[in-house]
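The next block holds one structure in the form of C-alpha cells; read it before the comments.
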Protein chains: 2
Amino acid sequence: MKIIVDAFGGDNAPLEIIKGSIDAHNEFGYDILLTGDENKIKACAAENNLDISAMEIAHTEDVISMHDSPLSIMREHKDSSLGLGMQLLAEGKGDGFVTAGSTGAYVLAAHKMIGEIPGVKKAGTAAVMPNDEGRFLMMDCGANLTCTPEILNQFAVMGIAYMKNVFGVENPRVALANIGVEESKGTQVLRDTYKLMQEQDYNFVGNIEVRDIPFGGADVVICEGFTGNVILKMYEGVAGALLKNIKGIFTASLKTKIAYLLISSNMKGFKKKMDYKAYGGAPLMGIAKPVAKAHGSSDAKAFKYAIKQIADYADSGAIDVIAKAVKE
Amino acid sequence: MKIIVDAFGGDNAPLEIIKGSIDAHNEFGYDILLTGDENKIKACAAENNLDISAMEIAHTEDVISMHDSPLSIMREHKDSSLGLGMQLLAEGKGDGFVTAGSTGAYVLAAHKMIGEIPGVKKAGTAAVMPNDEGRFLMMDCGANLTCTPEILNQFAVMGIAYMKNVFGVENPRVALANIGVEESKGTQVLRDTYKLMQEQDYNFVGNIEVRDIPFGGADVVICEGFTGNVILKMYEGVAGALLKNIKGIFTASLKTKIAYLLISSNMKGFKKKMDYKAYGGAPLMGIAKPVAKAHGSSDAKAFKYAIKQIADYADSGAIDVIAKAVKE
C-alpha cells in the first residue's frame, strides 16, 4: 500500500505532514511518496531530527496557494505539489492521495486528472465524524453546494459502500439531514429526495433532524453540500466554543485545577471518543481512485489518520462496489 | 403592558405556561391574558396551588394540535387557543402574543389575521441566541426556507431595528452566515446578497463562517430559513450531546462527583451564560404586531422569558422603526 502525500498543502506544511507520514509508515506500515521541494523537505527533517529515509520524494518546487485560482491547477500550477501528487496517482504510482491544500484546486484536479467512476453524476465529499453511537458518514460536505435528488441518491449508494466496506457496518442506515422528521419537511429538493429514497432497496430510515445527528440514529447522513458544510462547521464551532469555556473553568483557580485532576482520566476517554482527528481526511467519493482532503489546520496526528483513512478506503474495494452499483 | 399567552400550545401545556405567566406577572409586572379552556386552567392551577387571580382568561375549548394541518387554523380551528389569541391581538386586546403551538399554524395566523408591515416582503423568524460575546440575533430561522437577496436584505433591516431598540446595540454588525468569509463563497443567492448588502448604509461586516458564530463577531446574522434552522438545531444538538457526556463524567464516581462540587459555582456561571431559555421565544418579525413562538418543549422559565421578550419588543418601538425603514 503506497499513499502519495502532498507535503506542501495546508497551514502546517511541511513539518506536520512529514511527521504524520513517518508515523503512518511506522504504525501502519504504508509506503509514503511525498510530493514537494526535496531540499526543503530534507532541511525540515534534518532541523527536527526526523528520519525520512523510508520516504520516497517526488520533487517539485511549485506550490499552489490559497490565493491562487483553483483553475490554475490545470495551467500554471499543474506541477505544484498538489498537481503532481494527483498526476502520480492517475499514473498508478500510488494507491491513494492526500492533500491539505486548496479544496477547489483539489476537487478540480481530481475531476480532470482522474475523473469520475463511469455512471457517477457528481463526486462528493464524505466526512466520517464521531457521534454518541460511535461514528457516521456525512455526504456531501461541500463539493456540490446544491444537488438534485438523483445526485443525493447516488451519494447514499456511495456512503453505504464506504460504511460497509471500510467499517463493516452490516446494513447501513441512510438518513436525510432535515429540519424535521416528517416527509413534508424541508426544501423541494429534500421532499423529492425523500420520495426517491423510499423507493430504493437500501435501508432508508427517513429524515434525521439535524439536532439529533450528534446523538446517532444513522450510519450515512445525506445532504446537499452547503448544508453538509454548515453542519460540519457547526460541529466544530459549537464544540470548540463549549470546550474553550470548559477549559476556562478548569484553569480558573487552584480549586478547579484540582477538580480537573479528579476527572482527567474520564475527560481523556471523552475527548478520544469525540476526536474528529481520528477520522482524518474527507474522501472525495465518486472519483475513480482514492483521494482525500485533510483539514487545512491538520497536525501530524490528523495527517497520520488521513493517510490511514485513504489507505483503508483503497484497501476496502469500495470503489469497485460503487462502480458496480451505479452501473445497475 | 398586556401579553396574550396561548395556554394550550406546546408539550407542557397548560401547567408550565400558567407558571411562567404568573412569574412574568410577578417579576416584570405585565398583565397576562391566557387563552384556552377556563375550567382546565382553573383546575390545573388549583391542583398545583397556583394563584391565578391576577390572570385574565379568554375562554375557548378548541385546541389546534401538531397533527392538524396548519391551514385548519383559518377554518375549523379559528377559535383554538392559538387562533383566539391571535384574533385578540389583532383586535388590540393586548400588546403582544406568545404561543408554543404549531409553528405552521402560528405563522399562517399571524400572516392572515394581523398581516405584514406595509412594504415588508416576508416576515421572518428571529432568534436571539447566546455567544461568547453575549448574544446575537439570527434571522430567518425557518419561516422561509429559501429567500431572495431582497428578502434577506430586509431581514437585516429588521434585525438591526431589534438589536438597536431592544438591546441598545449602537451600530449593529450585520453578517451573512456562509461556509467561508470570501465574497465568492456559498450559493448564488448568498453571493448576490453579499453584493446587495455591500451597497447598504448599515454596518455590513461581510460573511461570517458558521464555525465562528458561537464565538461572536456579528450582532445580526442573516441566512435563509433552512440554513438558520440547521444552525439553530446544531447549536442545540451539539451542545446537548456534549453536556450529556460531561454530565456523565461528573456522575461517574464519587471522585468525579467531588470534582463537580469544586467547580459547581463556575459551571453555574457558564450555564447561565449559555442559557438559551433566557432568550425565550422567537419573534416573527415583519408582522405588524408583536408575535412570538416559544419552543414546544418550553418550561415555566422559558415561557417567562418568552413573555418578557415579546413585551420588550412591543415596548421598544422596533416595529415603527421597521415600518419607517422599509418605506424608505
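The chains in the C-alpha cells are called A, B, ... from first to last as shown; in each chain the residues are counted from 1, and the ligands are counted from 1 in the order shown.
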Would you mind listing what lies within 8 Å of Tyr30 in chain A as a PDB file with C-alpha atoms, in the first residue's frame, with only C-alpha atoms counted and same-chain residues fewer than 4 positions away left out?
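Final file, out-v4.pdb:
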```
ATOM      1  CA  MET A   1       0.000   0.000   0.000  1.00  0.00           C
ATOM      2  CA  LYS A   2       1.596   3.248  -1.119  1.00  0.00           C
ATOM      3  CA  ILE A   3      -0.007   6.618  -0.305  1.00  0.00           C
ATOM      4  CA  ALA A  24       1.700   6.387   9.393  1.00  0.00           C
ATOM      5  CA  HIS A  25       4.655   4.462   7.956  1.00  0.00           C
ATOM      6  CA  ASN A  26       5.857   3.241  11.341  1.00  0.00           C
TER       7      ASN A  26
END
```
Considering only C-alpha atoms, extract the chain B residues located within 7 Å of chain A and return them as an mmCIF file with N, CA and C atoms, in the first residue's frame.
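What follows is the written file result.cif:
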```cif
data_model
loop_
_atom_site.group_PDB
_atom_site.id
_atom_site.type_symbol
_atom_site.label_atom_id
_atom_site.label_comp_id
_atom_site.auth_asym_id
_atom_site.auth_seq_id
_atom_site.Cartn_x
_atom_site.Cartn_y
_atom_site.Cartn_z
ATOM 1 N N LEU B 145 -37.882 28.916 3.998
ATOM 2 C CA LEU B 145 -36.750 28.000 3.801
ATOM 3 C C LEU B 145 -35.783 28.538 2.757
ATOM 4 N N ILE B 179 -20.299 29.546 4.321
ATOM 5 C CA ILE B 179 -19.332 28.472 4.562
ATOM 6 C C ILE B 179 -17.897 28.959 4.373
ATOM 7 N N THR B 187 -23.797 29.818 -2.052
ATOM 8 C CA THR B 187 -24.723 29.677 -3.166
ATOM 9 C C THR B 187 -24.871 31.000 -3.921
ATOM 10 N N VAL B 210 -19.847 29.885 9.522
ATOM 11 C CA VAL B 210 -20.729 29.342 10.562
ATOM 12 C C VAL B 210 -19.938 28.809 11.753
ATOM 13 N N ARG B 211 -18.732 28.331 11.512
ATOM 14 C CA ARG B 211 -17.891 27.834 12.602
ATOM 15 C C ARG B 211 -17.649 28.902 13.662
ATOM 16 N N ASP B 212 -17.608 30.181 13.223
ATOM 17 C CA ASP B 212 -17.281 31.272 14.131
ATOM 18 C C ASP B 212 -18.498 31.859 14.840
ATOM 19 N N PRO B 214 -20.591 30.776 17.132
ATOM 20 C CA PRO B 214 -20.657 30.688 18.602
ATOM 21 C C PRO B 214 -19.655 31.595 19.317
ATOM 22 N N PHE B 215 -18.614 32.052 18.602
ATOM 23 C CA PHE B 215 -17.599 32.880 19.240
ATOM 24 C C PHE B 215 -17.945 34.369 19.183
ATOM 25 N N THR B 227 -31.183 27.176 6.300
ATOM 26 C CA THR B 227 -29.855 27.283 6.917
ATOM 27 C C THR B 227 -29.968 27.704 8.376
ATOM 28 N N ASN B 229 -32.407 27.348 10.449
ATOM 29 C CA ASN B 229 -32.949 26.277 11.281
ATOM 30 C C ASN B 229 -31.900 25.205 11.544
ATOM 31 N N VAL B 230 -31.083 24.910 10.538
ATOM 32 C CA VAL B 230 -29.999 23.936 10.723
ATOM 33 C C VAL B 230 -29.006 24.453 11.767
ATOM 34 N N ILE B 231 -28.632 25.721 11.672
ATOM 35 C CA ILE B 231 -27.679 26.305 12.627
ATOM 36 C C ILE B 231 -28.254 26.250 14.043
ATOM 37 N N LYS B 233 -30.534 24.295 15.263
ATOM 38 C CA LYS B 233 -30.672 22.931 15.787
ATOM 39 C C LYS B 233 -29.323 22.270 16.036
ATOM 40 N N MET B 234 -28.306 22.653 15.271
ATOM 41 C CA MET B 234 -26.966 22.131 15.549
ATOM 42 C C MET B 234 -26.456 22.717 16.865
ATOM 43 N N TYR B 235 -26.769 23.986 17.107
ATOM 44 C CA TYR B 235 -26.444 24.617 18.392
ATOM 45 C C TYR B 235 -26.991 23.756 19.530
ATOM 46 N N GLU B 236 -28.268 23.492 19.444
ATOM 47 C CA GLU B 236 -28.939 22.688 20.467
ATOM 48 C C GLU B 236 -28.368 21.282 20.550
ATOM 49 N N GLY B 237 -28.200 20.652 19.371
ATOM 50 C CA GLY B 237 -27.803 19.246 19.320
ATOM 51 C C GLY B 237 -26.384 19.020 19.816
ATOM 52 N N VAL B 238 -25.440 19.797 19.302
ATOM 53 C CA VAL B 238 -24.040 19.595 19.688
ATOM 54 C C VAL B 238 -23.854 19.961 21.159
ATOM 55 N N ALA B 239 -24.440 21.093 21.572
ATOM 56 C CA ALA B 239 -24.325 21.493 22.976
ATOM 57 C C ALA B 239 -24.979 20.427 23.861
ATOM 58 N N ALA B 241 -25.445 17.189 23.247
ATOM 59 C CA ALA B 241 -24.665 15.947 23.261
ATOM 60 C C ALA B 241 -23.420 16.103 24.132
ATOM 61 N N ILE B 249 -19.715 12.245 32.925
ATOM 62 C CA ILE B 249 -18.397 12.208 33.576
ATOM 63 C C ILE B 249 -18.532 12.575 35.054
ATOM 64 N N LYS B 255 -15.391 10.186 43.090
ATOM 65 C CA LYS B 255 -14.289 11.103 42.796
ATOM 66 C C LYS B 255 -14.738 12.223 41.850
ATOM 67 N N THR B 256 -15.461 11.842 40.802
ATOM 68 C CA THR B 256 -15.867 12.860 39.827
ATOM 69 C C THR B 256 -17.006 13.717 40.380
ATOM 70 N N ALA B 259 -15.300 16.319 42.239
ATOM 71 C CA ALA B 259 -14.782 17.283 41.262
ATOM 72 C C ALA B 259 -15.868 18.284 40.890
ATOM 73 N N TYR B 260 -17.088 17.786 40.715
ATOM 74 C CA TYR B 260 -18.170 18.690 40.338
ATOM 75 C C TYR B 260 -18.431 19.732 41.419
ATOM 76 N N LEU B 262 -16.367 21.025 43.345
ATOM 77 C CA LEU B 262 -15.301 22.033 43.315
ATOM 78 C C LEU B 262 -15.508 23.077 42.215
ATOM 79 N N ILE B 263 -16.191 22.694 41.157
ATOM 80 C CA ILE B 263 -16.356 23.651 40.051
ATOM 81 C C ILE B 263 -17.805 24.114 39.878
ATOM 82 N N ASN B 266 -18.529 27.775 39.201
ATOM 83 C CA ASN B 266 -18.072 28.185 37.873
ATOM 84 C C ASN B 266 -19.001 27.647 36.782
#
```
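Every protein or nucleic acid residue with an atom no more than 9 Å from Ile160 in chain B, counting only C-alpha atoms and leaving out same-chain residues fewer than 4 positions away, appears here: B:Leu137, B:Phe155, B:Ala156, B:Lys164, B:Asn165, B:Val169, B:Asn171, B:Pro172, B:Arg173, B:Val174, B:Tyr202, B:Asp219, B:Val220.
Across the model, the gap from CA of Asp192 in chain B to CA of Gly159 in chain B is 19.4 Å.
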inquiry  = Quick one: residues within 6 Å of Ile57 in chain A, only C-alpha atoms, excluding same-chain residues fewer than 4 positions away - as a list in words?
reply    = Leu33, Leu34 and Thr35 of chain A
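You will find CA of His67 in chain B at 14.4 Å from CA of Phe8 in chain B.
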Contacts of Leu84 in chain A at 8 Å or less, counting only C-alpha atoms, minus same-chain residues fewer than 5 places along, as a compact mmCIF listing (two decimals) with N, CA and C atoms, in the first residue's frame?
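Result file selection.txt:
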```txt
# COMPACT_ATOMS: atom_id res chain seq x y z
N THR A 35 5.20 14.60 -2.17
CA THR A 35 5.43 15.50 -3.30
C THR A 35 5.79 16.88 -2.78
N THR A 60 9.20 18.70 -6.73
CA THR A 60 8.68 19.83 -7.50
C THR A 60 8.80 21.06 -6.62
N LYS A 78 0.10 23.13 -12.61
CA LYS A 78 -0.09 21.70 -12.86
C LYS A 78 1.02 20.89 -12.19
N ASP A 79 2.19 21.50 -12.03
CA ASP A 79 3.32 20.80 -11.41
C ASP A 79 3.53 21.21 -9.96
```
ask   = Taking the backbone alone, and naming residues the way the document does, which bits of range 12-257 of chain B are strand (DSSP E) by DSSP, as a PyMOL selection string?
value = chain B and resi 31-36+56-59+96-99+124-131+134-139+173-178+203-209+220-222
Picked from range 156-201 of chain B by DSSP as helix (DSSP H, G or I), as a PyMOL selection string = chain B and resi 156-167+188-198
Could you dump the residues just selected with C-alpha atoms as a PDB file, in the first residue's frame?
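Output saved as selection.pdb:
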```
ATOM      1  CA  ALA B 156     -31.043  42.701   8.040  1.00  0.00           C
ATOM      2  CA  VAL B 157     -33.001  45.969   8.384  1.00  0.00           C
ATOM      3  CA  MET B 158     -35.412  44.294  10.814  1.00  0.00           C
ATOM      4  CA  GLY B 159     -32.645  42.621  12.792  1.00  0.00           C
ATOM      5  CA  ILE B 160     -30.825  45.928  13.166  1.00  0.00           C
ATOM      6  CA  ALA B 161     -34.012  47.596  14.479  1.00  0.00           C
ATOM      7  CA  TYR B 162     -34.393  44.798  17.017  1.00  0.00           C
ATOM      8  CA  MET B 163     -30.826  44.879  18.317  1.00  0.00           C
ATOM      9  CA  LYS B 164     -30.808  48.681  18.452  1.00  0.00           C
ATOM     10  CA  ASN B 165     -34.202  49.176  20.053  1.00  0.00           C
ATOM     11  CA  VAL B 166     -34.464  46.127  22.292  1.00  0.00           C
ATOM     12  CA  PHE B 167     -30.825  45.708  23.364  1.00  0.00           C
ATOM     13  CA  GLN B 188     -25.745  32.142  -5.879  1.00  0.00           C
ATOM     14  CA  VAL B 189     -28.335  33.673  -3.523  1.00  0.00           C
ATOM     15  CA  LEU B 190     -25.636  34.350  -0.929  1.00  0.00           C
ATOM     16  CA  ARG B 191     -23.201  35.794  -3.463  1.00  0.00           C
ATOM     17  CA  ASP B 192     -25.890  38.136  -4.805  1.00  0.00           C
ATOM     18  CA  THR B 193     -26.940  39.087  -1.270  1.00  0.00           C
ATOM     19  CA  TYR B 194     -23.334  39.922  -0.383  1.00  0.00           C
ATOM     20  CA  LYS B 195     -23.227  42.407  -3.260  1.00  0.00           C
ATOM     21  CA  LEU B 196     -26.588  43.939  -2.289  1.00  0.00           C
ATOM     22  CA  MET B 197     -25.623  44.285   1.385  1.00  0.00           C
ATOM     23  CA  GLN B 198     -22.339  45.958   0.487  1.00  0.00           C
TER      24      GLN B 198
END
```
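Ranking B:Asp6, B:Ile307, B:Ile322, B:Gly317 by their shortest atom-to-atom distance to Phe28 in chain B, with only C-alpha atoms included, puts B:Ile307 first.
Shortest atom-to-atom contact with Gly92 in chain B among B:Glu183, B:Ile114, B:Glu16, B:Asn203: B:Ile114, counting only C-alpha atoms.
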Residue neighbourhood Ala54 in chain A, 8 Å, only C-alpha atoms, exclusion window fewer than 3 positions, as a short mmCIF file (atom, residue, chain, number, x, y, z; two decimals) with N, CA and C atoms, in the first residue's frame:
```cif
data_model
loop_
_atom_site.label_atom_id
_atom_site.label_comp_id
_atom_site.auth_asym_id
_atom_site.auth_seq_id
_atom_site.Cartn_x
_atom_site.Cartn_y
_atom_site.Cartn_z
N ASP A 31 3.86 2.50 2.61
CA ASP A 31 4.88 3.26 1.92
C ASP A 31 4.32 4.65 1.65
N ILE A 32 5.19 5.65 1.74
CA ILE A 32 4.74 7.03 1.53
C ILE A 32 5.56 7.68 0.43
N ASP A 51 13.68 11.14 10.86
CA ASP A 51 14.28 10.16 9.93
C ASP A 51 13.32 9.92 8.77
#
```
inquiry  = Applying 12 Å and only C-alpha atoms, which residues near Cys44 in chain B remain after dropping the ones on its own chain fewer than 3 positions away? List them as a ChimeraX atom specification.
reply    = /B:7-8,12-19,37-41,47-52
